[in-house]
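Report on one structure; see the data block that follows.
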Amino acid sequence: MTTPFPTTDAQGNLVRPTSQSFDSGSYPVKTYKSQNGAEARILYGSLRTNMKLSLSYANITDANAELFLDHYDEMKGTFTVFGVNKIVRAGWKGSRDALGASAAGNAYRYESAPQVVQVRPGISTVTVNLIGVIDVIDEST
């Protein structure tokens with residue numbers, strides 16, 4: 001069973017990002033150029049991939065920051081894919097599908113380890129960088 005991406009702390013309080021950035025990725029296209037400058041493009045798939053979602057959690061407790069470090073370890077770093085709850089996209093007023101990897105046949109995995117900056121004792125800011133990859137998540141397990 002895949003551990004869900006952290007959205008609540010030990011007391012059940014919501015842990016929401018204070019800011020987020022999203023790169024919609026692209027379709028797998030290979031471009032070939034001939035000697036005369038003519039260009040041919042081949043589309044290698046019908047799903048968008050390499051979506052990037054960067055989440056920042058400013059001024060959260062160190063215990064909440066640890067949730068992201070623990071999840072990263074449970075996912076074996078950048079190896080295991082997982083879904084992202086709609087709470088992560090809170091504040092986005094557009095279509096849910098626009099920022100969701102699953103609508104494009106993708107799941108997320110960590111692009112890199114969470115970055116933790118201690119603001120003051122007991123308070124940290126965490127940045128999490130995720131990347132969308134084509135995969136199937138079995139939610140039944």
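Starting from 1 in every chain, residues are counted up; chains themselves are A, B, ... following the order of the structure tokens, and ligands are numbered from 1 as listed.
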**Who sits within 12 Å of Glu111 of chain A, only C-alpha atoms, same chain under 6 positions skipped, as a PyMOL selection string** = chain A and resi 50-55+72+75-81+127-133
Expected file contents, prior selection, C-alpha atoms, as a CSV table (one decimal), in the first residue's frame:
chain,number,residue,atom,x,y,z
A,50,ASN,CA,7.1,15.6,-17.1
A,51,MET,CA,4.5,17.8,-15.3
A,52,LYS,CA,6.3,19.5,-12.5
A,53,LEU,CA,4.6,20.6,-9.3
A,54,SER,CA,6.6,22.6,-6.7
A,55,LEU,CA,4.9,23.0,-3.3
A,72,TYR,CA,10.1,10.7,0.9
A,75,MET,CA,8.5,6.3,-1.3
A,76,LYS,CA,12.2,5.2,-1.5
A,77,GLY,CA,13.2,8.6,-2.6
A,78,THR,CA,12.4,9.2,-6.3
A,79,PHE,CA,11.4,5.6,-6.9
A,80,THR,CA,7.8,5.1,-6.0
A,81,VAL,CA,4.9,7.0,-7.6
A,127,THR,CA,9.8,22.9,-0.5
A,128,VAL,CA,8.7,19.7,-2.3
A,129,ASN,CA,9.4,19.2,-6.0
A,130,LEU,CA,7.3,16.5,-7.8
A,131,ILE,CA,7.3,15.3,-11.3
A,132,GLY,CA,4.5,13.6,-13.3
A,133,VAL,CA,5.3,10.3,-14.8
**Asked** So which bits of segment 3-141 of chain A end up helix (DSSP H, G or I) when you DSSP the backbone, as a PyMOL selection string?
**Response** chain A and resi 62-74+86-89+96-99+102-104
C-alpha atoms of the current selection, written as a PDB file, in the first residue's frame:
ATOM      1  CA  ASP A  62       9.286  20.825  12.572  1.00  0.00           C
ATOM      2  CA  ALA A  63       6.937  17.900  13.303  1.00  0.00           C
ATOM      3  CA  ASN A  64       4.964  18.747  10.142  1.00  0.00           C
ATOM      4  CA  ALA A  65       8.182  19.204   8.164  1.00  0.00           C
ATOM      5  CA  GLU A  66       9.156  15.714   9.256  1.00  0.00           C
ATOM      6  CA  LEU A  67       5.982  14.346   7.592  1.00  0.00           C
ATOM      7  CA  PHE A  68       7.475  15.173   4.188  1.00  0.00           C
ATOM      8  CA  LEU A  69      10.881  13.707   5.031  1.00  0.00           C
ATOM      9  CA  ASP A  70       9.212  10.507   6.280  1.00  0.00           C
ATOM     10  CA  HIS A  71       7.046  10.267   3.149  1.00  0.00           C
ATOM     11  CA  TYR A  72      10.126  10.712   0.948  1.00  0.00           C
ATOM     12  CA  ASP A  73      11.780   7.801   2.774  1.00  0.00           C
ATOM     13  CA  GLU A  74       8.640   5.642   2.501  1.00  0.00           C
ATOM     14  CA  LYS A  86      -6.951  17.757  -3.955  1.00  0.00           C
ATOM     15  CA  ILE A  87      -6.034  19.531  -0.700  1.00  0.00           C
ATOM     16  CA  VAL A  88      -2.572  20.065  -2.175  1.00  0.00           C
ATOM     17  CA  ARG A  89      -4.159  22.095  -4.977  1.00  0.00           C
ATOM     18  CA  ARG A  96      -9.266  20.177 -11.068  1.00  0.00           C
ATOM     19  CA  ASP A  97      -8.019  18.359 -14.165  1.00  0.00           C
ATOM     20  CA  ALA A  98      -5.761  21.232 -15.176  1.00  0.00           C
ATOM     21  CA  LEU A  99      -3.306  20.680 -12.311  1.00  0.00           C
ATOM     22  CA  SER A 102      -3.994  11.623 -13.026  1.00  0.00           C
ATOM     23  CA  ALA A 103      -6.194  13.331 -15.630  1.00  0.00           C
ATOM     24  CA  ALA A 104      -3.299  12.991 -18.072  1.00  0.00           C
TER      25      ALA A 104
END
